[in-house]
Amino acid sequence: MTTKKTVFSTQDLNMAAFIWCQEGTELIELKPKIEGGQRNTFKFFFSLPMSETELTKLLFDYQNGKTLVEPSNFVKHQNYLRDQIKIAQGKNQ
């Protein structure tokens with residue numbers, strides 16, 4: 001049985017950490033957002049083992065405060081993403 005993979009991207013660090021906490025989710029890219037002239041803005045790209053419909057429901061529940069993740073896992077992912085931004089910013093200076 002093949003699981004549907006959905007690619008999702010966001011500029012929101014907290015949402016990125018939340019999405020990354022979903023089982024089977026992989027961080028596939030972190031890149032600076034160039035368009036619009038916003039400096040120090042990054043986009044996080046993930047591959048999730050769920051359909052677009054399931055992802056839409058998950059994001060709706062997230063926005064309405066109806067989701068849960070393991071707190072230490074969330075903080076670990078949040079810190080890693082922050083560190084990667086700092087590293088990327090250092091390379092661009």
# chains A, B, ... in the order shown; residues from 1 in each chain; ligands from 1
$ residues_around --residues "Gln63 (chain A)" --least-positions-apart "5" --cutoff "12 Å" --atoms "only C-alpha atoms" --output "mmCIF file with C-alpha atoms, in the first residue's frame"
data_model
loop_
_atom_site.group_PDB
_atom_site.id
_atom_site.type_symbol
_atom_site.label_atom_id
_atom_site.label_comp_id
_atom_site.auth_asym_id
_atom_site.auth_seq_id
_atom_site.Cartn_x
_atom_site.Cartn_y
_atom_site.Cartn_z
ATOM 1 C CA ASN A 14 5.777 27.523 15.294
ATOM 2 C CA MET A 15 3.552 25.986 12.632
ATOM 3 C CA PHE A 18 4.053 21.585 14.828
ATOM 4 C CA THR A 56 -6.279 20.914 5.478
ATOM 5 C CA LYS A 57 -8.188 19.461 8.446
ATOM 6 C CA LEU A 58 -5.008 19.314 10.542
ATOM 7 C CA LEU A 68 -1.831 18.262 20.572
#
$ select_by_dssp --residues "chain A" --states "strand (DSSP E)" --output "list in words"
Thr6, Val7, Phe8, Ser9, Thr10, Glu26, Leu27, Ile28, Glu29, Leu30, Lys31, Pro32, Phe42, Lys43, Phe44, Phe45, Phe46, Ser47 and Leu48 of chain A
$ write_last_selection --atoms "N, CA, C and O atoms" --output "mmCIF file, in the first residue's frame"
data_model
loop_
_atom_site.group_PDB
_atom_site.id
_atom_site.type_symbol
_atom_site.label_atom_id
_atom_site.label_comp_id
_atom_site.auth_asym_id
_atom_site.auth_seq_id
_atom_site.Cartn_x
_atom_site.Cartn_y
_atom_site.Cartn_z
ATOM 1 N N THR A 6 2.208 14.592 0.727
ATOM 2 C CA THR A 6 1.818 15.962 0.445
ATOM 3 C C THR A 6 2.967 16.870 0.842
ATOM 4 O O THR A 6 3.549 16.694 1.907
ATOM 5 N N VAL A 7 3.295 17.834 -0.006
ATOM 6 C CA VAL A 7 4.325 18.815 0.326
ATOM 7 C C VAL A 7 3.632 20.047 0.872
ATOM 8 O O VAL A 7 2.635 20.516 0.330
ATOM 9 N N PHE A 8 4.155 20.553 1.985
ATOM 10 C CA PHE A 8 3.592 21.717 2.658
ATOM 11 C C PHE A 8 4.724 22.690 2.963
ATOM 12 O O PHE A 8 5.819 22.273 3.335
ATOM 13 N N SER A 9 4.456 23.983 2.808
ATOM 14 C CA SER A 9 5.465 24.985 3.182
ATOM 15 C C SER A 9 4.809 26.084 4.009
ATOM 16 O O SER A 9 3.619 26.371 3.850
ATOM 17 N N THR A 10 5.598 26.684 4.886
ATOM 18 C CA THR A 10 5.133 27.774 5.732
ATOM 19 C C THR A 10 6.311 28.654 6.117
ATOM 20 O O THR A 10 7.448 28.208 6.126
ATOM 21 N N GLU A 26 8.809 14.728 7.076
ATOM 22 C CA GLU A 26 10.226 14.994 6.841
ATOM 23 C C GLU A 26 10.425 16.444 6.433
ATOM 24 O O GLU A 26 9.674 16.964 5.596
ATOM 25 N N LEU A 27 11.432 17.080 7.020
ATOM 26 C CA LEU A 27 11.855 18.406 6.582
ATOM 27 C C LEU A 27 12.636 18.197 5.292
ATOM 28 O O LEU A 27 13.603 17.454 5.271
ATOM 29 N N ILE A 28 12.190 18.830 4.196
ATOM 30 C CA ILE A 28 12.881 18.611 2.926
ATOM 31 C C ILE A 28 13.682 19.824 2.476
ATOM 32 O O ILE A 28 14.610 19.680 1.693
ATOM 33 N N GLU A 29 13.353 21.012 2.989
ATOM 34 C CA GLU A 29 14.112 22.191 2.587
ATOM 35 C C GLU A 29 13.804 23.372 3.499
ATOM 36 O O GLU A 29 12.705 23.511 4.007
ATOM 37 N N LEU A 30 14.810 24.202 3.673
ATOM 38 C CA LEU A 30 14.682 25.489 4.360
ATOM 39 C C LEU A 30 15.354 26.487 3.443
ATOM 40 O O LEU A 30 16.520 26.320 3.105
ATOM 41 N N LYS A 31 14.610 27.477 2.979
ATOM 42 C CA LYS A 31 15.244 28.443 2.086
ATOM 43 C C LYS A 31 14.749 29.847 2.369
ATOM 44 O O LYS A 31 13.616 30.044 2.807
ATOM 45 N N PRO A 32 15.621 30.829 2.119
ATOM 46 C CA PRO A 32 15.222 32.217 2.326
ATOM 47 C C PRO A 32 14.123 32.594 1.347
ATOM 48 O O PRO A 32 14.114 32.147 0.203
ATOM 49 N N PHE A 42 12.233 33.079 6.094
ATOM 50 C CA PHE A 42 12.537 31.759 5.558
ATOM 51 C C PHE A 42 11.266 30.951 5.385
ATOM 52 O O PHE A 42 10.295 31.138 6.110
ATOM 53 N N LYS A 43 11.307 30.044 4.421
ATOM 54 C CA LYS A 43 10.203 29.107 4.217
ATOM 55 C C LYS A 43 10.701 27.708 4.551
ATOM 56 O O LYS A 43 11.816 27.338 4.198
ATOM 57 N N PHE A 44 9.862 26.973 5.240
ATOM 58 C CA PHE A 44 10.138 25.595 5.620
ATOM 59 C C PHE A 44 9.284 24.693 4.736
ATOM 60 O O PHE A 44 8.082 24.918 4.603
ATOM 61 N N PHE A 45 9.893 23.673 4.142
ATOM 62 C CA PHE A 45 9.182 22.745 3.265
ATOM 63 C C PHE A 45 9.211 21.347 3.882
ATOM 64 O O PHE A 45 10.281 20.874 4.282
ATOM 65 N N PHE A 46 8.048 20.718 3.937
ATOM 66 C CA PHE A 46 7.906 19.394 4.541
ATOM 67 C C PHE A 46 7.196 18.443 3.590
ATOM 68 O O PHE A 46 6.351 18.851 2.796
ATOM 69 N N SER A 47 7.515 17.174 3.729
ATOM 70 C CA SER A 47 6.786 16.104 3.067
ATOM 71 C C SER A 47 6.022 15.356 4.148
ATOM 72 O O SER A 47 6.628 14.883 5.118
ATOM 73 N N LEU A 48 4.698 15.291 3.995
ATOM 74 C CA LEU A 48 3.848 14.650 4.999
ATOM 75 C C LEU A 48 3.153 13.431 4.404
ATOM 76 O O LEU A 48 2.695 13.484 3.263
#
$ closest_residue --among "A:Ser72, A:Thr25, A:Thr53, A:Gln78" --to "Asp12 (chain A)" --atoms "only C-alpha atoms"
A:Gln78
$ atom_distance --atom1 "CA of Leu59 (chain A)" --atom2 "CA of Lys76 (chain A)"
20.4 Å
$ select_by_dssp --residues "chain A" --states "alpha helix (DSSP H)" --output "MDAnalysis selection string"
chainID A and resid 13:20 52:63 71:91
$ closest_residue --among "A:Leu13, A:Cys21, A:Ser51, A:Tyr62" --to "Asp83 (chain A)" --atoms "only C-alpha atoms"
A:Leu13
$ atom_distance --atom1 "CA of Trp20 (chain A)" --atom2 "CA of Glu54 (chain A)"
15.0 Å
$ closest_residue --among "A:Asn64, A:Glu70, A:Tyr80, A:Gly90" --to "Gln22 (chain A)" --atoms "only C-alpha atoms"
A:Glu70
$ closest_residue --among "A:Lys33, A:Thr67, A:Glu23, A:Lys5" --to "Ile85 (chain A)" --atoms "only C-alpha atoms"
A:Lys33
$ closest_residue --among "A:Gln11, A:Gln89, A:Ile19, A:Val75" --to "Pro49 (chain A)" --atoms "only C-alpha atoms"
A:Ile19
$ closest_residue --among "A:Phe60, A:Met50, A:Ala17, A:Leu55" --to "Asn79 (chain A)" --atoms "only C-alpha atoms"
A:Ala17
$ decode --residues "chain A" --atoms "C-alpha atoms" --output "PDB file, in the first residue's frame"
ATOM      1  CA  MET A   1       0.000   0.000   0.000  1.00  0.00           C
ATOM      2  CA  THR A   2       1.435   3.399  -1.014  1.00  0.00           C
ATOM      3  CA  THR A   3       0.848   6.328   1.291  1.00  0.00           C
ATOM      4  CA  LYS A   4      -0.012   9.668  -0.271  1.00  0.00           C
ATOM      5  CA  LYS A   5       2.694  12.287   0.253  1.00  0.00           C
ATOM      6  CA  THR A   6       1.818  15.962   0.445  1.00  0.00           C
ATOM      7  CA  VAL A   7       4.325  18.815   0.326  1.00  0.00           C
ATOM      8  CA  PHE A   8       3.592  21.717   2.658  1.00  0.00           C
ATOM      9  CA  SER A   9       5.465  24.985   3.182  1.00  0.00           C
ATOM     10  CA  THR A  10       5.133  27.774   5.732  1.00  0.00           C
ATOM     11  CA  GLN A  11       7.022  30.834   6.968  1.00  0.00           C
ATOM     12  CA  ASP A  12       5.622  30.382  10.491  1.00  0.00           C
ATOM     13  CA  LEU A  13       8.290  28.822  12.740  1.00  0.00           C
ATOM     14  CA  ASN A  14       5.777  27.523  15.294  1.00  0.00           C
ATOM     15  CA  MET A  15       3.552  25.986  12.632  1.00  0.00           C
ATOM     16  CA  ALA A  16       6.625  24.430  11.021  1.00  0.00           C
ATOM     17  CA  ALA A  17       7.628  22.832  14.331  1.00  0.00           C
ATOM     18  CA  PHE A  18       4.053  21.585  14.828  1.00  0.00           C
ATOM     19  CA  ILE A  19       3.880  20.082  11.319  1.00  0.00           C
ATOM     20  CA  TRP A  20       7.253  18.435  11.805  1.00  0.00           C
ATOM     21  CA  CYS A  21       5.893  16.716  14.934  1.00  0.00           C
ATOM     22  CA  GLN A  22       3.403  14.757  12.813  1.00  0.00           C
ATOM     23  CA  GLU A  23       4.418  11.134  12.468  1.00  0.00           C
ATOM     24  CA  GLY A  24       6.339  10.395   9.285  1.00  0.00           C
ATOM     25  CA  THR A  25       6.872  14.055   8.358  1.00  0.00           C
ATOM     26  CA  GLU A  26      10.226  14.994   6.841  1.00  0.00           C
ATOM     27  CA  LEU A  27      11.855  18.406   6.582  1.00  0.00           C
ATOM     28  CA  ILE A  28      12.881  18.611   2.926  1.00  0.00           C
ATOM     29  CA  GLU A  29      14.112  22.191   2.587  1.00  0.00           C
ATOM     30  CA  LEU A  30      14.682  25.489   4.360  1.00  0.00           C
ATOM     31  CA  LYS A  31      15.244  28.443   2.086  1.00  0.00           C
ATOM     32  CA  PRO A  32      15.222  32.217   2.326  1.00  0.00           C
ATOM     33  CA  LYS A  33      12.147  33.915   0.930  1.00  0.00           C
ATOM     34  CA  ILE A  34      13.408  36.354  -1.666  1.00  0.00           C
ATOM     35  CA  GLU A  35      10.265  37.793  -3.233  1.00  0.00           C
ATOM     36  CA  GLY A  36       8.723  40.883  -1.638  1.00  0.00           C
ATOM     37  CA  GLY A  37      12.054  42.113  -0.311  1.00  0.00           C
ATOM     38  CA  GLN A  38      11.530  40.600   3.150  1.00  0.00           C
ATOM     39  CA  ARG A  39      14.967  40.056   4.651  1.00  0.00           C
ATOM     40  CA  ASN A  40      15.514  37.249   7.117  1.00  0.00           C
ATOM     41  CA  THR A  41      12.275  35.495   6.154  1.00  0.00           C
ATOM     42  CA  PHE A  42      12.537  31.759   5.558  1.00  0.00           C
ATOM     43  CA  LYS A  43      10.203  29.107   4.217  1.00  0.00           C
ATOM     44  CA  PHE A  44      10.138  25.595   5.620  1.00  0.00           C
ATOM     45  CA  PHE A  45       9.182  22.745   3.265  1.00  0.00           C
ATOM     46  CA  PHE A  46       7.906  19.394   4.541  1.00  0.00           C
ATOM     47  CA  SER A  47       6.786  16.104   3.067  1.00  0.00           C
ATOM     48  CA  LEU A  48       3.848  14.650   4.999  1.00  0.00           C
ATOM     49  CA  PRO A  49       2.373  11.154   4.708  1.00  0.00           C
ATOM     50  CA  MET A  50      -1.209  12.419   4.359  1.00  0.00           C
ATOM     51  CA  SER A  51      -3.601  13.670   1.726  1.00  0.00           C
ATOM     52  CA  GLU A  52      -4.296  17.343   1.016  1.00  0.00           C
ATOM     53  CA  THR A  53      -7.703  16.886   2.687  1.00  0.00           C
ATOM     54  CA  GLU A  54      -6.144  15.465   5.854  1.00  0.00           C
ATOM     55  CA  LEU A  55      -3.566  18.275   5.911  1.00  0.00           C
ATOM     56  CA  THR A  56      -6.279  20.914   5.478  1.00  0.00           C
ATOM     57  CA  LYS A  57      -8.188  19.461   8.446  1.00  0.00           C
ATOM     58  CA  LEU A  58      -5.008  19.314  10.542  1.00  0.00           C
ATOM     59  CA  LEU A  59      -4.203  22.973   9.776  1.00  0.00           C
ATOM     60  CA  PHE A  60      -7.806  24.005  10.501  1.00  0.00           C
ATOM     61  CA  ASP A  61      -7.640  22.223  13.871  1.00  0.00           C
ATOM     62  CA  TYR A  62      -4.216  23.809  14.556  1.00  0.00           C
ATOM     63  CA  GLN A  63      -5.588  27.313  13.900  1.00  0.00           C
ATOM     64  CA  ASN A  64      -8.520  26.595  16.235  1.00  0.00           C
ATOM     65  CA  GLY A  65      -6.355  25.250  19.074  1.00  0.00           C
ATOM     66  CA  LYS A  66      -7.666  21.693  18.762  1.00  0.00           C
ATOM     67  CA  THR A  67      -4.383  19.839  18.275  1.00  0.00           C
ATOM     68  CA  LEU A  68      -1.831  18.262  20.572  1.00  0.00           C
ATOM     69  CA  VAL A  69       1.808  17.301  20.155  1.00  0.00           C
ATOM     70  CA  GLU A  70       4.412  15.974  22.552  1.00  0.00           C
ATOM     71  CA  PRO A  71       5.888  19.197  24.050  1.00  0.00           C
ATOM     72  CA  SER A  72       9.557  18.182  24.189  1.00  0.00           C
ATOM     73  CA  ASN A  73       9.398  17.006  20.555  1.00  0.00           C
ATOM     74  CA  PHE A  74       7.864  20.349  19.536  1.00  0.00           C
ATOM     75  CA  VAL A  75      10.583  22.321  21.362  1.00  0.00           C
ATOM     76  CA  LYS A  76      13.324  20.124  19.864  1.00  0.00           C
ATOM     77  CA  HIS A  77      12.046  20.791  16.321  1.00  0.00           C
ATOM     78  CA  GLN A  78      11.500  24.493  17.038  1.00  0.00           C
ATOM     79  CA  ASN A  79      15.063  24.893  18.323  1.00  0.00           C
ATOM     80  CA  TYR A  80      16.519  22.988  15.358  1.00  0.00           C
ATOM     81  CA  LEU A  81      14.667  25.219  12.878  1.00  0.00           C
ATOM     82  CA  ARG A  82      15.811  28.352  14.719  1.00  0.00           C
ATOM     83  CA  ASP A  83      19.401  27.107  14.634  1.00  0.00           C
ATOM     84  CA  GLN A  84      19.161  26.416  10.902  1.00  0.00           C
ATOM     85  CA  ILE A  85      17.889  29.961  10.296  1.00  0.00           C
ATOM     86  CA  LYS A  86      20.824  31.387  12.255  1.00  0.00           C
ATOM     87  CA  ILE A  87      23.257  29.263  10.239  1.00  0.00           C
ATOM     88  CA  ALA A  88      21.633  30.325   6.955  1.00  0.00           C
ATOM     89  CA  GLN A  89      21.718  33.987   7.977  1.00  0.00           C
ATOM     90  CA  GLY A  90      25.420  33.677   8.787  1.00  0.00           C
ATOM     91  CA  LYS A  91      26.112  32.329   5.290  1.00  0.00           C
ATOM     92  CA  ASN A  92      24.254  35.260   3.692  1.00  0.00           C
ATOM     93  CA  GLN A  93      26.235  37.981   5.489  1.00  0.00           C
TER      94      GLN A  93
END
